[in-house]
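Content type mmCIF, C-alpha atoms and all ligand atoms, from the file input01.cif:
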data_query
loop_
_atom_site.label_atom_id
_atom_site.label_comp_id
_atom_site.auth_asym_id
_atom_site.auth_seq_id
_atom_site.Cartn_x
_atom_site.Cartn_y
_atom_site.Cartn_z
CA MET F 1 167.26 137.87 118.71
CA THR F 2 164.84 140.83 118.59
CA PRO F 3 165.17 143.48 121.31
CA SER F 4 162.86 143.23 124.32
CA LYS F 5 161.07 146.27 125.74
CA TYR F 6 161.68 145.09 129.31
CA SER F 7 163.29 142.36 131.39
CA LYS F 8 161.79 140.66 134.46
CA ILE F 9 162.83 138.40 137.29
CA LEU F 10 161.61 134.91 136.37
CA GLY F 11 162.61 133.23 139.64
CA THR F 12 164.77 133.56 142.75
CA GLY F 13 166.70 131.23 145.06
CA SER F 14 169.01 131.41 148.07
CA TYR F 15 171.27 129.36 150.26
CA ILE F 16 171.98 130.00 153.94
CA PRO F 17 174.83 128.05 155.56
CA SER F 18 173.69 125.99 158.55
CA ARG F 19 176.34 127.08 161.08
CA THR F 20 175.15 129.93 163.29
CA LEU F 21 177.61 132.21 165.10
CA THR F 22 175.84 134.05 167.92
CA ASN F 23 176.83 137.28 169.64
CA GLN F 24 177.36 135.23 172.80
CA GLU F 25 179.96 133.13 170.98
CA LEU F 26 181.65 136.33 169.75
CA GLU F 27 181.80 137.57 173.37
CA LYS F 28 184.15 134.64 174.01
CA MET F 29 186.31 135.44 170.97
CA VAL F 30 186.80 139.24 171.24
CA ASP F 31 186.22 142.05 173.75
CA THR F 32 182.59 142.79 172.86
CA SER F 33 179.09 142.27 174.21
CA ASN F 34 175.75 141.11 172.86
CA GLU F 35 174.26 144.47 173.89
CA TRP F 36 176.92 146.52 172.05
CA ILE F 37 176.54 144.51 168.84
CA ILE F 38 172.73 144.69 168.88
CA GLU F 39 172.66 148.41 169.70
CA ARG F 40 175.21 149.39 167.01
CA THR F 41 174.36 146.89 164.27
CA GLY F 42 171.08 145.08 165.03
CA ILE F 43 172.83 141.76 164.37
CA LYS F 44 171.89 138.94 166.78
CA GLU F 45 173.56 136.10 164.93
CA ARG F 46 175.15 135.44 161.56
CA ARG F 47 175.71 132.39 159.36
CA LEU F 48 179.09 130.93 158.44
CA ALA F 49 179.87 128.36 155.77
CA LYS F 50 181.69 125.10 156.47
CA LEU F 51 185.30 125.33 155.32
CA ASP F 52 185.53 121.67 154.28
CA GLY F 53 184.76 122.35 150.60
CA SER F 54 181.05 121.56 150.86
CA GLU F 55 180.07 125.24 151.16
CA THR F 56 182.54 127.08 148.92
CA CYS F 57 181.39 130.28 147.23
CA SER F 58 180.52 128.37 144.03
CA GLU F 59 178.80 125.53 145.96
CA MET F 60 176.57 127.97 147.83
CA GLY F 61 175.99 129.82 144.56
CA ALA F 62 175.01 126.55 142.88
CA PHE F 63 172.43 125.72 145.57
CA ALA F 64 170.88 129.18 145.19
CA ALA F 65 171.05 129.12 141.38
CA LYS F 66 169.33 125.70 141.15
CA LYS F 67 166.44 127.00 143.25
CA ALA F 68 166.19 130.15 141.12
CA MET F 69 166.18 128.12 137.88
CA GLU F 70 163.55 125.78 139.30
CA ALA F 71 161.37 128.74 140.34
CA ALA F 72 161.87 130.29 136.88
CA ASN F 73 161.14 126.96 135.17
CA ILE F 74 164.35 127.32 133.17
CA LYS F 75 166.52 124.31 132.25
CA PRO F 76 170.34 124.55 132.56
CA ASP F 77 170.96 124.84 128.82
CA GLU F 78 168.42 127.66 128.50
CA ILE F 79 170.77 129.94 130.46
CA ASP F 80 172.57 132.26 128.00
CA LEU F 81 174.92 134.06 130.41
CA ILE F 82 176.11 133.65 134.01
CA LEU F 83 176.99 136.75 136.05
CA PHE F 84 178.52 135.90 139.43
CA ALA F 85 178.87 138.80 141.87
CA THR F 86 181.43 138.12 144.59
CA VAL F 87 184.52 139.50 146.32
CA SER F 88 185.35 136.06 147.73
CA PRO F 89 185.83 133.96 144.56
CA ASP F 90 186.77 130.28 144.79
CA TYR F 91 190.04 131.08 142.99
CA LYS F 92 191.90 134.15 141.67
CA LEU F 93 191.31 132.49 138.32
CA PRO F 94 189.25 131.12 136.67
CA SER F 95 186.07 133.04 137.45
CA THR F 96 183.63 131.58 139.97
CA ALA F 97 180.99 131.86 137.24
CA ALA F 98 183.01 129.39 135.15
CA VAL F 99 183.35 127.01 138.14
CA LEU F 100 179.61 127.28 138.71
CA GLN F 101 178.65 126.53 135.09
CA GLN F 102 179.65 122.87 135.29
CA LYS F 103 178.08 122.48 138.76
CA LEU F 104 174.76 123.45 137.20
CA GLY F 105 175.20 120.99 134.32
CA ILE F 106 175.17 123.79 131.73
CA LYS F 107 176.74 122.38 128.56
CA ASN F 108 175.90 125.11 126.04
CA GLU F 109 179.22 126.96 126.61
CA CYS F 110 177.41 130.15 127.65
CA PRO F 111 179.70 133.07 128.63
CA CYS F 112 180.58 133.34 132.33
CA LEU F 113 181.66 136.50 134.10
CA ASP F 114 182.43 137.53 137.67
CA ILE F 115 181.41 140.98 138.89
CA VAL F 116 183.57 142.64 141.55
CA ALA F 117 181.43 145.41 143.00
CA ALA F 118 181.32 144.16 146.60
CA CYS F 119 177.93 144.58 148.30
CA SER F 120 176.48 146.30 145.20
CA GLY F 121 177.49 143.33 143.03
CA PHE F 122 174.06 141.76 142.67
CA LEU F 123 172.50 145.05 141.58
CA TYR F 124 175.39 145.68 139.17
CA GLY F 125 174.63 142.20 137.74
CA LEU F 126 170.93 142.92 137.49
CA VAL F 127 171.55 146.16 135.57
CA ILE F 128 174.02 144.52 133.14
CA ALA F 129 171.61 141.62 132.59
CA ASP F 130 168.65 143.97 132.11
CA SER F 131 170.46 145.89 129.37
CA MET F 132 171.63 142.71 127.59
CA ILE F 133 168.11 141.29 127.56
CA LYS F 134 166.64 144.57 126.31
CA THR F 135 169.11 144.75 123.42
CA GLY F 136 168.22 141.16 122.53
CA ILE F 137 171.75 139.78 122.96
CA TYR F 138 170.61 137.17 125.50
CA LYS F 139 167.25 135.72 126.57
CA ASN F 140 167.81 134.19 130.03
CA ILE F 141 170.55 135.41 132.36
CA LEU F 142 171.49 133.86 135.69
CA ILE F 143 172.75 136.34 138.30
CA ILE F 144 174.28 135.14 141.54
CA GLY F 145 175.42 137.08 144.59
CA ALA F 146 177.47 134.82 146.86
CA GLU F 147 180.16 135.29 149.47
CA LEU F 148 182.42 133.21 151.64
CA LEU F 149 183.91 136.14 153.55
CA GLN F 150 185.16 134.11 156.53
CA PRO F 151 188.78 133.71 155.30
CA PHE F 152 189.10 137.48 154.76
CA VAL F 153 187.84 138.44 158.23
CA ASP F 154 190.25 138.94 161.13
CA TRP F 155 188.42 137.04 163.86
CA THR F 156 190.42 138.92 166.52
CA ASP F 157 189.31 142.36 165.25
CA ARG F 158 186.11 143.31 167.07
CA THR F 159 185.43 146.23 164.75
CA THR F 160 184.84 143.95 161.74
CA CYS F 161 184.29 140.34 162.85
CA ILE F 162 180.89 141.11 164.38
CA LEU F 163 179.51 142.21 161.00
CA PHE F 164 180.41 139.78 158.26
CA ALA F 165 178.94 136.45 157.18
CA ASP F 166 178.54 133.93 154.35
CA GLY F 167 175.64 132.99 152.05
CA ALA F 168 174.25 133.07 148.50
CA GLY F 169 171.28 134.34 146.53
CA ALA F 170 170.34 134.14 142.85
CA ALA F 171 167.83 135.25 140.26
CA VAL F 172 167.05 134.38 136.64
CA LEU F 173 166.24 137.37 134.45
CA GLY F 174 164.24 136.95 131.24
CA ARG F 175 162.25 138.92 128.65
CA ALA F 176 159.08 140.90 129.44
CA ASP F 177 156.75 142.93 127.26
CA GLU F 178 154.89 146.18 127.85
CA ASN F 179 151.74 144.48 129.18
CA ASP F 180 153.64 142.25 131.58
CA SER F 181 152.86 143.07 135.21
CA SER F 182 156.45 142.05 136.07
CA LYS F 183 159.29 144.18 134.76
CA ILE F 184 162.39 146.14 135.72
CA LEU F 185 161.37 149.80 135.56
CA SER F 186 164.57 151.73 136.19
CA SER F 187 168.07 151.54 137.63
CA THR F 188 171.11 153.57 138.57
CA LEU F 189 174.70 152.59 139.35
CA SER F 190 177.58 154.64 140.73
CA CYS F 191 181.09 154.38 142.12
CA ASP F 192 183.20 156.90 144.00
CA GLY F 193 186.73 155.53 143.73
CA THR F 194 188.10 158.17 146.13
CA GLY F 195 186.74 155.88 148.86
CA ASP F 196 188.66 152.82 147.65
CA LYS F 197 190.57 152.39 150.92
CA LEU F 198 187.58 152.73 153.25
CA LEU F 199 186.88 149.02 153.06
CA PHE F 200 189.61 146.89 151.54
CA VAL F 201 192.02 143.99 151.85
CA PRO F 202 195.50 145.61 151.79
CA SER F 203 197.55 142.72 150.36
CA GLY F 204 197.15 139.58 148.30
CA GLY F 205 196.47 141.33 145.00
CA SER F 206 199.09 142.17 142.36
CA ALA F 207 199.71 145.64 143.87
CA SER F 208 200.92 144.06 147.08
CA PRO F 209 201.66 140.34 146.82
CA LEU F 210 201.60 138.49 150.14
CA ASN F 211 204.78 137.55 151.97
CA LYS F 212 205.52 136.29 155.48
CA GLU F 213 205.69 139.78 157.04
CA LYS F 214 202.43 140.92 155.46
CA LEU F 215 200.73 137.72 156.58
CA GLU F 216 201.98 138.32 160.12
CA ARG F 217 200.51 141.83 159.96
CA LYS F 218 197.26 140.22 158.74
CA GLU F 219 197.26 142.27 155.54
CA ASP F 220 195.24 139.50 153.90
CA LYS F 221 192.28 140.51 156.08
CA LEU F 222 189.60 143.09 155.54
CA VAL F 223 190.00 146.55 157.12
CA MET F 224 187.26 149.14 157.39
CA GLU F 225 186.72 152.78 158.33
CA GLY F 226 183.34 152.14 159.96
CA LYS F 227 182.21 155.73 160.53
CA GLN F 228 183.15 156.87 157.01
CA ILE F 229 181.45 153.84 155.47
CA PHE F 230 178.30 154.64 157.44
CA LYS F 231 178.20 158.15 155.92
CA TYR F 232 178.88 156.92 152.38
CA ALA F 233 176.28 154.17 152.77
CA THR F 234 173.41 156.42 153.73
CA ARG F 235 174.33 159.17 151.25
CA THR F 236 174.83 156.91 148.22
CA MET F 237 171.85 154.61 148.84
CA MET F 238 169.58 157.60 149.36
CA ARG F 239 170.75 159.34 146.19
CA ASN F 240 170.57 156.21 144.03
CA SER F 241 167.11 155.28 145.37
CA GLN F 242 165.79 158.77 144.67
CA MET F 243 167.27 158.81 141.15
CA ALA F 244 165.88 155.36 140.27
CA LEU F 245 162.44 156.23 141.63
CA GLU F 246 162.42 159.46 139.65
CA ALA F 247 163.38 157.59 136.46
CA ALA F 248 160.48 155.18 137.08
CA HIS F 249 158.10 158.15 137.68
CA LEU F 250 157.32 156.77 141.12
CA SER F 251 157.53 158.11 144.64
CA VAL F 252 158.34 156.24 147.83
CA SER F 253 154.63 155.97 148.66
CA ASP F 254 154.04 153.97 145.44
CA LEU F 255 156.33 151.20 146.67
CA GLN F 256 155.03 148.08 148.36
CA TRP F 257 158.55 146.92 149.31
CA PHE F 258 162.05 148.24 149.82
CA ILE F 259 165.14 146.02 150.02
CA PRO F 260 168.31 147.79 151.12
CA HIS F 261 171.70 146.08 151.41
CA GLN F 262 171.80 144.40 154.81
CA ALA F 263 174.99 145.88 156.30
CA ASN F 264 173.53 146.86 159.60
CA LEU F 265 170.17 147.83 161.01
CA ARG F 266 171.22 151.35 162.00
CA ILE F 267 172.08 152.18 158.40
CA ILE F 268 168.73 150.73 157.27
CA GLU F 269 166.76 152.68 159.90
CA TYR F 270 168.60 155.91 159.09
CA LEU F 271 167.87 155.43 155.38
CA ALA F 272 164.20 154.66 156.11
CA LYS F 273 163.90 157.89 158.11
CA LYS F 274 165.58 160.00 155.44
CA LEU F 275 163.52 158.51 152.60
CA GLU F 276 160.37 158.51 154.75
CA ILE F 277 159.70 154.83 154.22
CA ASN F 278 157.73 152.91 156.83
CA MET F 279 159.91 150.15 158.33
CA GLU F 280 157.06 147.70 157.66
CA LYS F 281 157.78 148.00 153.94
CA ILE F 282 161.45 147.17 154.43
CA ILE F 283 162.70 143.59 154.19
CA VAL F 284 165.24 143.03 156.98
CA THR F 285 167.35 139.87 157.37
CA VAL F 286 170.54 141.31 158.88
CA GLU F 287 169.60 140.37 162.48
CA LYS F 288 169.74 136.66 161.68
CA TYR F 289 172.20 136.40 158.77
CA GLY F 290 174.69 139.30 159.26
CA ASN F 291 176.28 141.05 156.29
CA ASN F 292 177.11 138.60 153.50
CA SER F 293 177.90 141.38 151.00
CA ALA F 294 176.70 140.65 147.43
CA ALA F 295 174.34 137.96 148.79
CA THR F 296 172.22 140.12 151.10
CA ILE F 297 169.81 141.54 148.51
CA PRO F 298 169.06 138.32 146.57
CA ILE F 299 168.63 136.42 149.86
CA ALA F 300 166.24 139.05 151.25
CA LEU F 301 164.34 139.11 147.94
CA ASP F 302 164.06 135.32 147.75
CA GLU F 303 162.94 134.99 151.37
CA ALA F 304 160.28 137.67 150.93
CA VAL F 305 159.01 136.06 147.72
CA ARG F 306 158.90 132.56 149.22
CA ALA F 307 157.20 133.87 152.39
CA GLY F 308 154.45 135.31 150.17
CA LYS F 309 155.27 138.90 151.15
CA ILE F 310 156.47 140.15 147.75
CA LYS F 311 153.90 139.14 145.13
CA ARG F 312 153.88 139.34 141.34
CA GLY F 313 153.25 142.93 140.25
CA ASP F 314 154.32 144.48 143.59
CA LYS F 315 156.45 147.58 143.19
CA CYS F 316 159.79 147.17 144.88
CA ALA F 317 163.03 149.16 145.14
CA MET F 318 166.40 147.66 145.97
CA THR F 319 169.50 149.64 146.86
CA ALA F 320 173.06 148.82 147.86
CA PHE F 321 176.47 150.25 148.63
CA GLY F 322 179.77 148.45 148.86
CA ALA F 323 183.55 148.63 148.81
CA GLY F 324 184.77 150.87 146.02
CA VAL F 325 182.65 152.80 147.06
CA THR F 326 180.02 151.33 144.73
CA SER F 327 176.32 151.93 144.94
CA GLY F 328 173.13 151.43 142.97
CA ALA F 329 169.37 151.06 142.96
CA VAL F 330 166.84 149.10 140.92
CA VAL F 331 163.09 149.73 140.82
CA LEU F 332 160.88 146.93 139.53
CA GLN F 333 157.48 145.34 139.50
CA TYR F 334 158.22 141.89 140.81
N1 LIG Z 401 182.36 145.69 170.75
C1 LIG Z 401 182.57 146.62 171.69
N2 LIG Z 401 183.13 147.78 171.44
C2 LIG Z 401 183.53 148.05 170.19
C3 LIG Z 401 183.36 147.12 169.16
C4 LIG Z 401 182.74 145.90 169.47
N3 LIG Z 401 182.51 144.95 168.55
N4 LIG Z 401 183.81 147.65 168.02
C5 LIG Z 401 184.28 148.86 168.31
N5 LIG Z 401 184.13 149.09 169.63
C6 LIG Z 401 184.48 150.27 170.39
C7 LIG Z 401 185.53 151.12 169.70
O1 LIG Z 401 186.83 150.63 169.97
C8 LIG Z 401 185.28 152.46 170.32
O2 LIG Z 401 185.90 152.48 171.57
P1 LIG Z 401 186.62 153.83 172.10
O3 LIG Z 401 185.53 154.87 172.15
O4 LIG Z 401 187.15 153.42 173.41
O5 LIG Z 401 187.66 154.14 171.07
C9 LIG Z 401 183.79 152.50 170.57
O6 LIG Z 401 183.36 151.12 170.51
C10 LIG Z 401 183.03 153.25 169.51
O7 LIG Z 401 183.53 152.87 168.24
P2 LIG Z 401 183.00 153.49 166.94
O8 LIG Z 401 183.80 152.96 165.77
O9 LIG Z 401 182.90 154.96 167.11
O10 LIG Z 401 181.55 152.85 166.92
P3 LIG Z 401 180.39 153.21 165.96
O11 LIG Z 401 179.24 153.73 166.72
O12 LIG Z 401 180.85 154.00 164.78
O13 LIG Z 401 179.95 151.77 165.46
C11 LIG Z 401 180.16 150.42 163.51
C12 LIG Z 401 180.87 150.96 164.73
C13 LIG Z 401 179.04 149.52 163.95
C14 LIG Z 401 181.16 149.64 162.68
C15 LIG Z 401 179.62 151.64 162.71
O14 LIG Z 401 180.63 152.55 162.42
C16 LIG Z 401 178.95 151.23 161.45
O15 LIG Z 401 177.86 150.73 161.47
N6 LIG Z 401 179.62 151.49 160.31
C17 LIG Z 401 179.15 151.04 159.05
C18 LIG Z 401 180.03 149.94 158.68
C19 LIG Z 401 179.30 148.80 158.09
O16 LIG Z 401 178.14 148.53 158.28
N7 LIG Z 401 180.04 148.09 157.34
C20 LIG Z 401 179.49 146.95 156.74
C21 LIG Z 401 180.36 146.55 155.73
S1 LIG Z 401 180.32 147.66 154.47
C22 LIG Z 401 179.40 147.01 153.35
O17 LIG Z 401 178.60 146.17 153.58
C23 LIG Z 401 179.62 147.55 151.98
#

As structure tokens, please, write out the structure in this file.
Amino acid sequence: MTPSKYSKILGTGSYIPSRTLTNQELEKMVDTSNEWIIERTGIKERRLAKLDGSETCSEMGAFAAKKAMEAANIKPDEIDLILFATVSPDYKLPSTAAVLQQKLGIKNECPCLDIVAACSGFLYGLVIADSMIKTGIYKNILIIGAELLQPFVDWTDRTTCILFADGAGAAVLGRADENDSSKILSSTLSCDGTGDKLLFVPSGGSASPLNKEKLERKEDKLVMEGKQIFKYATRTMMRNSQMALEAAHLSVSDLQWFIPHQANLRIIEYLAKKLEINMEKIIVTVEKYGNNSAATIPIALDEAVRAGKIKRGDKCAMTAFGAGVTSGAVVLQY
């Protein structure tokens, strides 16, 4: 295939689990209060998937992907590559992308790949897809960000259980030419591995296989250095946003929309202040959905598109940070 000057988002989709967990319910589970959670995180309620197999990571991803393919007007066998960003895969192996392929009825044996970049996973996927479309290797790439974090959360740990949630978002990326009003303009990705223990699951991987004692110590659950993560989050998202804007020859005032990773409202407000972006330009979903990691950005994007906020041609920046510590930003004309 011939190279393409640009890539563009052809369509988006998302899936929000129906079960709502409110702050009032959390008050009955751990020593916390609605006021504390709202003041420190902005989260009022979050969504959790059913654990009966009907809302697995791949199932939620499939719901979102079908909507994105429908919006993009792309048939299953027109997908050339599936990139599935998640830290809560259905299985250790095979990849969740492979599990998803058959759920979408894709029979063309397209390659399938999971991306493990935590909350930055969707943006990592977007950047990989963008470069593969530009080089002409693939024409249509499906990118999913989906998480079923529930099993990895310690629901007795008030410092983490108030934050995390489940959900899925997706986008189909395709070719664009110079005159197209929709295109990805620039991107940056980064990772500072010195922060690898700031947000991690201590055991269950090959470095520390689970045993009875480790399970009793709940080493299969997520642990987080909240204050450190806060600092990393604001620093890395600010730097990546500035670098991507500079590469696109744009300034913050040129943007119609800004979609940051939805970890908590305080991080978003701090970032908005530092970058001097009006909160009205920022898409915020964290109050109602919580932090569903790789899914937050594609969900926020899809909701804003379907609500008629983000329109074709609008300039939009997206930025994320996640465990690793990974980070990135993408600037595009939707
Ligand atoms: N309810 C009530 N009190 C709590 C709770 C809770 N849920 N959690 C902690 N506390 C207590 C602490 O025990 C502490 O008590 P102490 O002073 O008696 O020791 C007090 O509240 C203050 O705790 P801090 O950790 O200092 O609270 P902080 O203001 O830093 O807020 C928070 C904690 C919200 C986690 C904050 O650090 C933060 O926003 N960090 C960013 C982390 C984040 O967003 N992670 C998302 C995942 S990362 C990602 O998406 C890639």

Using 7 Å as the limit and counting only C-alpha atoms and all ligand atoms, can you tabulate each residue of chain F that touches ligand LIG 401 (chain Z), with its shortest atom-to-atom distance in Å and the two atoms involved, as a Markdown table?
| residue | atom | partner | partner_atom | distance |
| --- | --- | --- | --- | --- |
| F:Asp31 | CA | Z:LIG401 | N1 | 6.1 |
| F:Thr32 | CA | Z:LIG401 | N1 | 3.6 |
| F:Ser33 | CA | Z:LIG401 | N1 | 5.9 |
| F:Trp36 | CA | Z:LIG401 | N1 | 5.7 |
| F:Ile37 | CA | Z:LIG401 | N3 | 6.0 |
| F:Arg40 | CA | Z:LIG401 | C13 | 4.9 |
| F:Thr41 | CA | Z:LIG401 | C13 | 5.4 |
| F:Ala118 | CA | Z:LIG401 | C23 | 6.6 |
| F:Cys119 | CA | Z:LIG401 | C23 | 5.0 |
| F:Arg158 | CA | Z:LIG401 | N3 | 4.2 |
| F:Thr159 | CA | Z:LIG401 | N4 | 3.9 |
| F:Thr160 | CA | Z:LIG401 | C14 | 6.8 |
| F:Ile162 | CA | Z:LIG401 | N3 | 5.9 |
| F:Leu163 | CA | Z:LIG401 | C20 | 6.4 |
| F:Leu199 | CA | Z:LIG401 | S1 | 6.8 |
| F:Gly226 | CA | Z:LIG401 | O14 | 3.7 |
| F:Lys227 | CA | Z:LIG401 | O14 | 4.0 |
| F:Ile229 | CA | Z:LIG401 | C17 | 5.1 |
| F:Phe230 | CA | Z:LIG401 | C17 | 4.0 |
| F:Ala263 | CA | Z:LIG401 | O17 | 4.5 |
| F:Asn264 | CA | Z:LIG401 | O16 | 5.1 |
| F:Arg266 | CA | Z:LIG401 | O15 | 6.7 |
| F:Ile267 | CA | Z:LIG401 | O15 | 6.7 |
| F:Asn291 | CA | Z:LIG401 | O17 | 6.2 |
| F:Ser293 | CA | Z:LIG401 | O17 | 5.5 |
| F:Phe321 | CA | Z:LIG401 | C23 | 5.3 |
| F:Gly322 | CA | Z:LIG401 | C23 | 3.3 |
| F:Ala323 | CA | Z:LIG401 | C23 | 5.2 |

Check which residues of region 40-100 of chain F sit at most 12 Å from region 171-182 of chain F using only C-alpha atoms, and return one row each with the closest pair of atoms and their distance in Å to one decimal, ordered by chain and rising number, as a Markdown table.
| residue | atom | partner | partner_atom | distance |
| --- | --- | --- | --- | --- |
| F:Gly61 | CA | F:Ala171 | CA | 10.7 |
| F:Ala62 | CA | F:Ala171 | CA | 11.6 |
| F:Phe63 | CA | F:Ala171 | CA | 11.8 |
| F:Ala64 | CA | F:Ala171 | CA | 8.4 |
| F:Ala65 | CA | F:Ala171 | CA | 7.0 |
| F:Lys66 | CA | F:Ala171 | CA | 9.7 |
| F:Lys67 | CA | F:Ala171 | CA | 8.9 |
| F:Ala68 | CA | F:Ala171 | CA | 5.4 |
| F:Met69 | CA | F:Val172 | CA | 6.4 |
| F:Glu70 | CA | F:Val172 | CA | 9.7 |
| F:Ala71 | CA | F:Val172 | CA | 8.8 |
| F:Ala72 | CA | F:Val172 | CA | 6.6 |
| F:Asn73 | CA | F:Val172 | CA | 9.6 |
| F:Ile74 | CA | F:Val172 | CA | 8.3 |
| F:Lys75 | CA | F:Val172 | CA | 11.0 |
| F:Pro76 | CA | F:Val172 | CA | 11.1 |
| F:Glu78 | CA | F:Gly174 | CA | 10.5 |
| F:Ile79 | CA | F:Val172 | CA | 8.5 |
| F:Asp80 | CA | F:Gly174 | CA | 10.1 |
| F:Leu81 | CA | F:Val172 | CA | 10.0 |
| F:Ile82 | CA | F:Val172 | CA | 9.5 |
| F:Leu83 | CA | F:Ala171 | CA | 10.2 |
| F:Phe84 | CA | F:Ala171 | CA | 10.7 |
| F:Ala85 | CA | F:Ala171 | CA | 11.7 |

Which one of F:Glu27, F:Glu59, F:Glu109, F:Asp130 sits closest to Lys8 (chain F) if you count only C-alpha atoms?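 Nearest candidate to Lys8 (chain F) out of F:Glu27, F:Glu59, F:Glu109, F:Asp130: F:Asp130.
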
Could you pull the residues within 10 Å of Lys281 (chain F), counting all atoms listed in the file, minus those fewer than 3 positions along the same chain, as a ChimeraX atom specification? /F:255-259,272,277-278,284,309,316

By how many Å are CA of Val252 (chain F) and CA of Ala307 (chain F) apart?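 If I compute the distance from CA of Val252 (chain F) to CA of Ala307 (chain F), I get 22.9 Å.
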
Please identify all polymer residues within 10 Å of region 167-169 of chain F, counting all atoms listed in the file, omitting same-chain residues fewer than 5 positions from it, and present them as a ChimeraX atom specification. /F:12-18,46-49,55-65,67-68,85-86,122,143-149,289-303

List the neighbours of Leu123 (chain F) out to 8 Å using all atoms listed in the file; skip same-chain residues closer than 6 positions along the sequence, and give me the result as a count of residues only. 6

In Å to one decimal, how far is CA of Glu219 (chain F) from CA of Val153 (chain F)? 10.5 Å

Enclose the full set of atoms of region 153-165 of chain F listed in the file within a box whose edges lie along x, y and z, apply 6 Å of padding to each of the six sides, and report centre and edge lengths in Å to one decimal as AutoDock Vina command-line options.
--center_x 184.7 --center_y 141.3 --center_z 162.1 --size_x 23.5 --size_y 21.8 --size_z 21.9

Could you tell me which of F:Gln242, F:Gln333, F:Gln262, F:Asn140 comes closest to Glu276 (chain F) if we count all atoms listed in the file? F:Gln242

Pick out the closest residue to Lys183 (chain F) from this set: F:Pro202, F:Gly136, F:Gly53, F:Gly313. Count only C-alpha atoms. F:Gly313

Which value, in Å to one decimal, gives the distance between CA of Thr236 (chain F) and CA of Pro151 (chain F)?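 About the pair CA of Thr236 (chain F) and CA of Pro151 (chain F): they are 28.0 Å apart.
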